[in-house]
Amino acid sequence: MKKIITAILIAASAFGASAQYDADTENGVVSFAGRKGFVWESKDGKFEFKPYLMVQTAADFNWYDSEGLDPAYNQDHVHNSGFSIPYAVLGFTGRAFGFITYNLSINAAASGAGILQQAWADMKVTDAFGVRVGKFKTPFTHATLTTLGETLFPTLPVSLTASVIMPHSLNAVTPSMMTGFDLGVEFHGLVKGKWGYQAGIFNGTGSNVNLATKTFSDDWHIPSLLYAARFTFQPWGVIPATQGNPRQLDLDRLLVGVSASMNVESENESTNDFRAGIEAAWMHKRLYLAGEAYFMHVGFTKRQKIDESFNYMGGYVQGGYFITDRVQGALRYDFFDRNGLDKGGLLNMPAIGVNYYFKGVNLKLQGMYRYMGRTGHATQLDRDNDDLGLATHNATVQIQYTF
């Protein structure tokens, strides 16, 4: 398995994987979508400074199944409900010396090291080659690389964010499909305006660690880091990192991509996690369609003395359509083989939503409902365990302001 994974990573690095960073979405949080925004810049245009902010306030309702417990216990089915602030981001982005772009953002709604959401500088030598260093999004999945304020639904697919299920003796090791923000270095570029690549090395510890804490792999004899690459084909020009914007209703863009990564000695040096994904997105005027499928192989390090390995799969398809210039309807079907491909059972999570964009004031109102179904489990215990910690019914209303 290790030889196969290594070969895939080498191939992915050779082909590369897409620099989706255009001028409108450089900060990864707020899309300017063709508007200049509030900017300080030099007369020659080589120096530019753009402050921005995004605040989201949500009302959440979550209803959980009883998981087979006796009703006599009077279990409360409603948890994690009320008001929340998913993001309260303040940052700035810009350009220096004509070829360096930079970004720094603070998420006041986070805690610990996660408060520093992003901090990076990007040296673009040519369109075909650039280098980015600092803390930023790792090159994996269209959903997470979408600008935060431009998502079709207020929450990401559960198949990306939820941790996987392992045997009870191993519940301390619970990776998820998503890699998200991390510290590292990345090479990226766009060749002939169509072929994009990203290839980088990251800590593999996620957004909540800003320190160098990794070691050397005892099994593979390489640094225990996250090695990731992504390759895309965009035949009609770069697709904006958005899932729908009322200022961009005349675009026709297509993206097809593949990605792969290996997180060496992740999960407290317990596992080697390989991930691979395939994605597609199409923006055609008022219509937005996207779909992804991803796979994860979790193998334990030799020091754990566990011969078992586990394979997981998930994905989603979603679509949005601007019914009017301000109202966007949304549908999503999300699936997740959370308990491993060696066991029966699948989580099915259909969702419906609607977005309203207030004219001229940068306000966006989102509403969604998601149901979690379960199918194909061998026993009732498997069925109950598969959605532990996940709500059967979720409803969210969120309002977002950006500047």
# chains A, B, ... in the order shown; residues from 1 in each chain; ligands from 1
>>> residues_around(residues="range 177-184 of chain A", least_positions_apart="5", cutoff="7 Å", atoms="only C-alpha atoms", output="count of residues only")
17
>>> residues_around(residues="Thr232 in chain A", least_positions_apart="3", cutoff="12 Å", atoms="only C-alpha atoms", output="JSON, numbers by chain")
{"A": [12, 15, 16, 17, 18, 19, 20, 139, 140, 141, 142, 188, 189, 190, 191, 193, 194, 195, 196, 197, 198, 199, 229, 235, 237, 238, 239, 254, 255, 256, 257, 258, 259, 277, 278, 279, 280, 281]}
>>> select_by_dssp(residues="range 223-277 of chain A", states="helix (DSSP H, G or I)", output="ChimeraX atom specification")
/A:266-269
>>> residues_around(residues="range 42-46 of chain A", least_positions_apart="3", cutoff="7 Å", atoms="only C-alpha atoms", output="list in words")
Arg95, Ala96, Phe97 and Gly98 of chain A
>>> write_last_selection(atoms="C-alpha atoms", output="PDB file, in the first residue's frame")
ATOM      1  CA  ARG A  95       0.103  43.547  -3.265  1.00  0.00           C
ATOM      2  CA  ALA A  96       3.708  44.671  -2.930  1.00  0.00           C
ATOM      3  CA  PHE A  97       6.411  45.340  -5.537  1.00  0.00           C
ATOM      4  CA  GLY A  98       3.979  44.265  -8.241  1.00  0.00           C
TER       5      GLY A  98
END
>>> residues_around(residues="Ile352 in chain A", least_positions_apart="2", cutoff="9 Å", atoms="only C-alpha atoms", output="list in words")
Phe153, Gly329, Ala330, Leu331, Arg332, Tyr333, Pro350, Val354, Gly367, Met368, Tyr369 and Arg370 of chain A
>>> closest_residue(among="A:Arg132, A:Ser169, A:Val30, A:Asn339", to="Ile306 in chain A", atoms="only C-alpha atoms")
A:Ser169
>>> closest_residue(among="A:Ser176, A:Asn263, A:Ser224, A:Thr146", to="Ala241 in chain A", atoms="only C-alpha atoms")
A:Thr146
>>> atom_distance(atom1="CA of Asn394 in chain A", atom2="CA of Pro86 in chain A")
15.4 Å
>>> select_by_dssp(residues="range 81-174 of chain A", states="strand (DSSP E or B)", output="MDAnalysis selection string")
chainID A and resid 82:84 88:96 100:107 116:126 129:137 163
>>> write_last_selection(atoms="N, CA and C atoms", output="compact mmCIF listing (two decimals), in the first residue's frame")
# COMPACT_ATOMS: atom_id res chain seq x y z
N GLY A 82 -29.51 27.10 19.31
CA GLY A 82 -29.47 28.48 19.79
C GLY A 82 -28.76 29.35 18.77
N PHE A 83 -28.08 30.38 19.26
CA PHE A 83 -27.38 31.31 18.37
C PHE A 83 -25.88 31.05 18.39
N SER A 84 -25.25 31.32 17.26
CA SER A 84 -23.80 31.12 17.14
C SER A 84 -23.21 32.16 16.21
N ALA A 88 -16.08 35.55 12.64
CA ALA A 88 -15.99 36.99 12.82
C ALA A 88 -14.57 37.37 12.41
N VAL A 89 -14.40 37.60 11.11
CA VAL A 89 -13.08 37.71 10.51
C VAL A 89 -12.75 39.16 10.18
N LEU A 90 -11.59 39.59 10.59
CA LEU A 90 -11.06 40.90 10.23
C LEU A 90 -9.67 40.69 9.64
N GLY A 91 -9.43 41.25 8.47
CA GLY A 91 -8.14 41.03 7.84
C GLY A 91 -7.81 42.06 6.80
N PHE A 92 -6.69 41.85 6.17
CA PHE A 92 -6.30 42.71 5.05
C PHE A 92 -5.49 41.88 4.06
N THR A 93 -5.57 42.30 2.82
CA THR A 93 -4.85 41.65 1.74
C THR A 93 -4.32 42.73 0.81
N GLY A 94 -3.41 42.36 -0.07
CA GLY A 94 -2.88 43.36 -0.97
C GLY A 94 -1.73 42.87 -1.81
N ARG A 95 -0.99 43.84 -2.34
CA ARG A 95 0.10 43.55 -3.27
C ARG A 95 1.29 44.43 -2.94
N ALA A 96 2.49 43.90 -3.15
CA ALA A 96 3.71 44.67 -2.93
C ALA A 96 4.70 44.39 -4.05
N ILE A 100 4.29 40.41 -5.38
CA ILE A 100 4.05 39.73 -4.11
C ILE A 100 2.64 40.07 -3.63
N THR A 101 1.83 39.07 -3.34
CA THR A 101 0.54 39.27 -2.70
C THR A 101 0.61 38.74 -1.28
N TYR A 102 -0.21 39.30 -0.40
CA TYR A 102 -0.15 38.90 1.00
C TYR A 102 -1.54 38.93 1.60
N ASN A 103 -1.70 38.25 2.71
CA ASN A 103 -2.99 38.21 3.39
C ASN A 103 -2.78 37.86 4.85
N LEU A 104 -3.53 38.52 5.72
CA LEU A 104 -3.56 38.18 7.14
C LEU A 104 -4.97 38.36 7.63
N SER A 105 -5.51 37.37 8.33
CA SER A 105 -6.87 37.49 8.86
C SER A 105 -6.96 36.86 10.24
N ILE A 106 -7.74 37.49 11.08
CA ILE A 106 -7.99 37.05 12.44
C ILE A 106 -9.46 36.65 12.56
N ASN A 107 -9.72 35.46 13.07
CA ASN A 107 -11.09 35.01 13.30
C ASN A 107 -11.38 35.08 14.79
N LEU A 116 -5.68 32.94 14.66
CA LEU A 116 -4.93 33.31 13.45
C LEU A 116 -5.41 32.42 12.32
N GLN A 117 -6.36 32.93 11.54
CA GLN A 117 -6.95 32.11 10.49
C GLN A 117 -6.01 31.92 9.32
N GLN A 118 -5.43 33.02 8.83
CA GLN A 118 -4.51 32.97 7.70
C GLN A 118 -3.40 33.99 7.91
N ALA A 119 -2.23 33.68 7.39
CA ALA A 119 -1.11 34.62 7.37
C ALA A 119 -0.13 34.11 6.34
N TRP A 120 -0.11 34.73 5.15
CA TRP A 120 0.75 34.21 4.11
C TRP A 120 1.23 35.31 3.17
N ALA A 121 2.31 34.98 2.45
CA ALA A 121 2.83 35.82 1.38
C ALA A 121 3.01 34.93 0.16
N ASP A 122 2.73 35.48 -1.02
CA ASP A 122 2.78 34.71 -2.26
C ASP A 122 3.65 35.45 -3.27
N MET A 123 4.70 34.78 -3.71
CA MET A 123 5.61 35.35 -4.71
C MET A 123 5.28 34.75 -6.07
N LYS A 124 4.71 35.54 -6.96
CA LYS A 124 4.31 35.07 -8.27
C LYS A 124 5.35 35.47 -9.30
N VAL A 125 6.16 34.52 -9.73
CA VAL A 125 7.21 34.79 -10.73
C VAL A 125 6.59 34.97 -12.10
N THR A 126 5.76 34.02 -12.51
CA THR A 126 4.97 34.10 -13.74
C THR A 126 3.61 33.48 -13.44
N PHE A 129 4.11 29.93 -12.44
CA PHE A 129 4.87 29.52 -11.25
C PHE A 129 4.82 30.59 -10.17
N GLY A 130 4.43 30.16 -8.97
CA GLY A 130 4.43 31.01 -7.80
C GLY A 130 4.70 30.18 -6.56
N VAL A 131 5.08 30.87 -5.48
CA VAL A 131 5.38 30.19 -4.22
C VAL A 131 4.62 30.89 -3.11
N ARG A 132 3.88 30.13 -2.34
CA ARG A 132 3.13 30.68 -1.21
C ARG A 132 3.64 30.06 0.08
N VAL A 133 3.88 30.89 1.10
CA VAL A 133 4.37 30.42 2.40
C VAL A 133 3.51 31.03 3.51
N GLY A 134 3.33 30.28 4.58
CA GLY A 134 2.58 30.77 5.72
C GLY A 134 1.46 29.83 6.11
N LYS A 135 0.35 30.40 6.55
CA LYS A 135 -0.83 29.62 6.96
C LYS A 135 -1.96 29.92 5.99
N PHE A 136 -2.46 28.87 5.32
CA PHE A 136 -3.50 29.05 4.31
C PHE A 136 -4.19 27.71 4.07
N LYS A 137 -5.11 27.68 3.12
CA LYS A 137 -5.87 26.47 2.85
C LYS A 137 -5.02 25.43 2.13
N SER A 163 -15.87 13.40 11.92
CA SER A 163 -14.81 12.42 12.12
C SER A 163 -15.31 11.03 11.77
>>> residues_around(residues="range 325-328 of chain A", least_positions_apart="3", cutoff="9 Å", atoms="only C-alpha atoms", output="PyMOL selection string")
chain A and resi 152+244+246-247+249+286+320-322+353-359
>>> write_last_selection(atoms="all heavy atoms", output="CSV table (one decimal), in the first residue's frame")
chain,number,residue,atom,x,y,z
A,152,LEU,N,-22.6,27.9,-0.9
A,152,LEU,CA,-24.0,27.7,-1.3
A,152,LEU,C,-24.9,27.5,-0.1
A,152,LEU,O,-26.0,27.9,0.0
A,152,LEU,CB,-24.1,26.5,-2.3
A,152,LEU,CG,-25.5,26.3,-2.9
A,152,LEU,CD1,-25.9,27.5,-3.8
A,152,LEU,CD2,-25.4,25.0,-3.8
A,244,GLY,N,-21.8,30.9,-6.2
A,244,GLY,CA,-22.9,31.8,-6.6
A,244,GLY,C,-22.8,33.2,-6.1
A,244,GLY,O,-22.6,33.4,-4.9
A,246,PRO,N,-24.5,37.2,-7.1
A,246,PRO,CA,-25.4,38.0,-8.0
A,246,PRO,C,-24.6,38.9,-8.9
A,246,PRO,O,-25.2,39.4,-9.9
A,246,PRO,CB,-26.3,38.7,-7.0
A,246,PRO,CG,-25.5,38.8,-5.8
A,246,PRO,CD,-24.8,37.5,-5.7
A,247,ARG,N,-23.4,39.2,-8.7
A,247,ARG,CA,-22.6,40.1,-9.5
A,247,ARG,C,-22.0,39.3,-10.7
A,247,ARG,O,-21.3,39.9,-11.6
A,247,ARG,CB,-21.5,40.8,-8.8
A,247,ARG,CG,-22.0,41.8,-7.7
A,247,ARG,CD,-20.8,42.5,-7.1
A,247,ARG,NE,-21.3,43.5,-6.0
A,247,ARG,CZ,-21.4,43.1,-4.8
A,247,ARG,NH1,-21.1,41.9,-4.4
A,247,ARG,NH2,-21.8,44.0,-3.9
A,249,LEU,N,-23.5,36.7,-12.9
A,249,LEU,CA,-24.6,35.9,-13.5
A,249,LEU,C,-24.4,35.7,-15.0
A,249,LEU,O,-25.2,35.1,-15.6
A,249,LEU,CB,-25.9,36.5,-13.2
A,249,LEU,CG,-26.3,36.7,-11.7
A,249,LEU,CD1,-27.7,37.2,-11.6
A,249,LEU,CD2,-26.2,35.3,-11.0
A,286,ARG,N,-26.9,31.7,-14.4
A,286,ARG,CA,-27.5,31.6,-13.1
A,286,ARG,C,-27.4,30.3,-12.4
A,286,ARG,O,-27.7,30.1,-11.2
A,286,ARG,CB,-29.0,31.9,-13.3
A,286,ARG,CG,-29.3,33.3,-13.7
A,286,ARG,CD,-30.8,33.5,-14.0
A,286,ARG,NE,-31.1,34.9,-14.3
A,286,ARG,CZ,-31.4,35.9,-13.5
A,286,ARG,NH1,-31.5,35.6,-12.2
A,286,ARG,NH2,-31.6,37.1,-13.9
A,320,GLY,N,-27.1,25.1,-7.3
A,320,GLY,CA,-27.8,26.4,-7.0
A,320,GLY,C,-28.3,27.1,-8.2
A,320,GLY,O,-27.6,27.0,-9.3
A,321,TYR,N,-29.4,27.8,-8.1
A,321,TYR,CA,-29.9,28.5,-9.3
A,321,TYR,C,-30.5,29.8,-8.8
A,321,TYR,O,-31.3,29.9,-7.8
A,321,TYR,CB,-31.0,27.7,-10.0
A,321,TYR,CG,-31.5,28.4,-11.3
A,321,TYR,CD1,-30.7,28.3,-12.4
A,321,TYR,CD2,-32.7,29.1,-11.3
A,321,TYR,CE1,-31.2,28.9,-13.6
A,321,TYR,CE2,-33.1,29.7,-12.4
A,321,TYR,CZ,-32.4,29.6,-13.6
A,321,TYR,OH,-32.8,30.2,-14.7
A,322,PHE,N,-30.1,30.9,-9.5
A,322,PHE,CA,-30.7,32.2,-9.1
A,322,PHE,C,-32.1,32.4,-9.8
A,322,PHE,O,-32.2,32.6,-11.0
A,322,PHE,CB,-29.8,33.3,-9.6
A,322,PHE,CG,-28.6,33.6,-8.7
A,322,PHE,CD1,-27.4,33.0,-8.8
A,322,PHE,CD2,-28.8,34.6,-7.6
A,322,PHE,CE1,-26.4,33.2,-7.9
A,322,PHE,CE2,-27.8,34.8,-6.7
A,322,PHE,CZ,-26.6,34.2,-6.9
A,353,GLY,N,-31.9,24.5,0.6
A,353,GLY,CA,-31.6,25.8,1.1
A,353,GLY,C,-32.1,26.9,0.2
A,353,GLY,O,-32.4,26.7,-0.9
A,354,VAL,N,-32.0,28.2,0.7
A,354,VAL,CA,-32.3,29.3,-0.1
A,354,VAL,C,-31.5,30.5,0.4
A,354,VAL,O,-31.2,30.6,1.6
A,354,VAL,CB,-33.8,29.7,0.0
A,354,VAL,CG1,-34.2,30.1,1.5
A,354,VAL,CG2,-34.2,30.9,-0.9
A,355,ASN,N,-31.0,31.3,-0.5
A,355,ASN,CA,-30.1,32.4,-0.2
A,355,ASN,C,-30.7,33.7,-0.7
A,355,ASN,O,-31.2,33.7,-1.9
A,355,ASN,CB,-28.7,32.2,-0.8
A,355,ASN,CG,-28.0,30.9,-0.3
A,355,ASN,OD1,-28.1,30.6,0.9
A,355,ASN,ND2,-27.4,30.3,-1.2
A,356,TYR,N,-30.7,34.8,0.1
A,356,TYR,CA,-31.1,36.1,-0.4
A,356,TYR,C,-30.0,37.1,-0.2
A,356,TYR,O,-29.5,37.2,0.9
A,356,TYR,CB,-32.4,36.5,0.4
A,356,TYR,CG,-32.9,37.8,-0.1
A,356,TYR,CD1,-33.7,37.9,-1.3
A,356,TYR,CD2,-32.6,39.0,0.5
A,356,TYR,CE1,-34.2,39.1,-1.8
A,356,TYR,CE2,-33.1,40.2,0.0
A,356,TYR,CZ,-33.9,40.3,-1.1
A,356,TYR,OH,-34.3,41.5,-1.6
A,357,TYR,N,-29.7,37.8,-1.3
A,357,TYR,CA,-28.7,38.8,-1.3
A,357,TYR,C,-29.3,40.2,-1.3
A,357,TYR,O,-30.0,40.6,-2.3
A,357,TYR,CB,-27.8,38.6,-2.6
A,357,TYR,CG,-27.1,37.3,-2.7
A,357,TYR,CD1,-27.7,36.2,-3.1
A,357,TYR,CD2,-25.7,37.2,-2.3
A,357,TYR,CE1,-27.1,34.9,-3.2
A,357,TYR,CE2,-25.0,36.0,-2.4
A,357,TYR,CZ,-25.7,34.9,-2.8
A,357,TYR,OH,-25.1,33.7,-2.9
A,358,PHE,N,-29.1,40.9,-0.3
A,358,PHE,CA,-29.6,42.3,-0.2
A,358,PHE,C,-28.8,43.2,-1.1
A,358,PHE,O,-27.6,43.2,-1.1
A,358,PHE,CB,-29.5,42.8,1.3
A,358,PHE,CG,-30.4,42.1,2.2
A,358,PHE,CD1,-30.0,40.9,2.8
A,358,PHE,CD2,-31.7,42.6,2.5
A,358,PHE,CE1,-30.8,40.2,3.7
A,358,PHE,CE2,-32.5,41.9,3.4
A,358,PHE,CZ,-32.1,40.7,4.0
A,359,LYS,N,-29.5,44.0,-1.9
A,359,LYS,CA,-28.9,44.8,-2.9
A,359,LYS,C,-28.1,46.0,-2.3
A,359,LYS,O,-28.6,46.8,-1.5
A,359,LYS,CB,-30.0,45.4,-3.9
A,359,LYS,CG,-29.4,46.1,-5.1
A,359,LYS,CD,-30.5,46.5,-6.0
A,359,LYS,CE,-30.0,47.2,-7.3
A,359,LYS,NZ,-31.1,47.6,-8.2
>>> atom_distance(atom1="CA of Tyr401 in chain A", atom2="CA of Val55 in chain A")
5.4 Å
>>> closest_residue(among="A:Leu226, A:Leu287, A:Met262, A:Met166", to="Lys343 in chain A", atoms="only C-alpha atoms")
A:Met166
>>> closest_residue(among="A:Met283, A:Ala293, A:Ala59, A:Leu225", to="Glu265 in chain A", atoms="only C-alpha atoms")
A:Leu225
>>> closest_residue(among="A:Asn208, A:Ser217, A:Ser159, A:Asn362", to="Arg338 in chain A", atoms="only C-alpha atoms")
A:Ser159
>>> decode(residues="range 57-111 of chain A", atoms="C-alpha atoms", output="PDB file, in the first residue's frame")
ATOM      1  CA  THR A  57     -24.519  35.170  12.930  1.00  0.00           C
ATOM      2  CA  ALA A  58     -26.606  31.997  12.854  1.00  0.00           C
ATOM      3  CA  ALA A  59     -29.605  30.473  14.591  1.00  0.00           C
ATOM      4  CA  ASP A  60     -29.220  26.681  14.802  1.00  0.00           C
ATOM      5  CA  PHE A  61     -31.635  23.884  15.678  1.00  0.00           C
ATOM      6  CA  ASN A  62     -30.349  20.311  16.042  1.00  0.00           C
ATOM      7  CA  TRP A  63     -32.450  17.251  16.898  1.00  0.00           C
ATOM      8  CA  TYR A  64     -30.635  14.003  17.762  1.00  0.00           C
ATOM      9  CA  ASP A  65     -31.866  10.424  17.627  1.00  0.00           C
ATOM     10  CA  SER A  66     -32.206   8.414  20.854  1.00  0.00           C
ATOM     11  CA  GLU A  67     -29.651   5.843  19.551  1.00  0.00           C
ATOM     12  CA  GLY A  68     -31.776   2.984  20.873  1.00  0.00           C
ATOM     13  CA  LEU A  69     -31.850   4.142  24.514  1.00  0.00           C
ATOM     14  CA  ASP A  70     -34.855   3.378  26.680  1.00  0.00           C
ATOM     15  CA  PRO A  71     -37.365   6.276  26.454  1.00  0.00           C
ATOM     16  CA  ALA A  72     -37.788   5.965  30.234  1.00  0.00           C
ATOM     17  CA  TYR A  73     -34.503   7.842  30.616  1.00  0.00           C
ATOM     18  CA  ASN A  74     -36.239  10.960  29.235  1.00  0.00           C
ATOM     19  CA  GLN A  75     -33.348  11.771  26.971  1.00  0.00           C
ATOM     20  CA  ASP A  76     -33.366  15.314  25.617  1.00  0.00           C
ATOM     21  CA  HIS A  77     -33.262  15.123  21.827  1.00  0.00           C
ATOM     22  CA  VAL A  78     -32.416  18.809  21.281  1.00  0.00           C
ATOM     23  CA  HIS A  79     -28.778  19.838  21.728  1.00  0.00           C
ATOM     24  CA  ASN A  80     -26.328  22.373  20.279  1.00  0.00           C
ATOM     25  CA  SER A  81     -29.183  24.718  19.450  1.00  0.00           C
ATOM     26  CA  GLY A  82     -29.466  28.481  19.787  1.00  0.00           C
ATOM     27  CA  PHE A  83     -27.383  31.311  18.374  1.00  0.00           C
ATOM     28  CA  SER A  84     -23.803  31.120  17.144  1.00  0.00           C
ATOM     29  CA  ILE A  85     -21.143  33.179  15.407  1.00  0.00           C
ATOM     30  CA  PRO A  86     -19.357  30.791  13.020  1.00  0.00           C
ATOM     31  CA  TYR A  87     -16.949  33.476  11.759  1.00  0.00           C
ATOM     32  CA  ALA A  88     -15.989  36.995  12.825  1.00  0.00           C
ATOM     33  CA  VAL A  89     -13.079  37.709  10.511  1.00  0.00           C
ATOM     34  CA  LEU A  90     -11.059  40.898  10.232  1.00  0.00           C
ATOM     35  CA  GLY A  91      -8.143  41.028   7.835  1.00  0.00           C
ATOM     36  CA  PHE A  92      -6.296  42.708   5.051  1.00  0.00           C
ATOM     37  CA  THR A  93      -4.849  41.646   1.741  1.00  0.00           C
ATOM     38  CA  GLY A  94      -2.882  43.365  -0.969  1.00  0.00           C
ATOM     39  CA  ARG A  95       0.103  43.547  -3.265  1.00  0.00           C
ATOM     40  CA  ALA A  96       3.708  44.671  -2.930  1.00  0.00           C
ATOM     41  CA  PHE A  97       6.411  45.340  -5.537  1.00  0.00           C
ATOM     42  CA  GLY A  98       3.979  44.265  -8.241  1.00  0.00           C
ATOM     43  CA  PHE A  99       4.506  40.526  -7.816  1.00  0.00           C
ATOM     44  CA  ILE A 100       4.046  39.734  -4.106  1.00  0.00           C
ATOM     45  CA  THR A 101       0.538  39.272  -2.702  1.00  0.00           C
ATOM     46  CA  TYR A 102      -0.149  38.902   1.001  1.00  0.00           C
ATOM     47  CA  ASN A 103      -2.987  38.214   3.386  1.00  0.00           C
ATOM     48  CA  LEU A 104      -3.556  38.177   7.140  1.00  0.00           C
ATOM     49  CA  SER A 105      -6.871  37.485   8.855  1.00  0.00           C
ATOM     50  CA  ILE A 106      -7.994  37.046  12.444  1.00  0.00           C
ATOM     51  CA  ASN A 107     -11.090  35.010  13.297  1.00  0.00           C
ATOM     52  CA  ALA A 108     -12.326  36.373  16.619  1.00  0.00           C
ATOM     53  CA  ALA A 109     -14.961  33.605  16.796  1.00  0.00           C
ATOM     54  CA  ALA A 110     -12.235  30.944  17.071  1.00  0.00           C
ATOM     55  CA  SER A 111     -10.052  30.080  20.053  1.00  0.00           C
TER      56      SER A 111
END
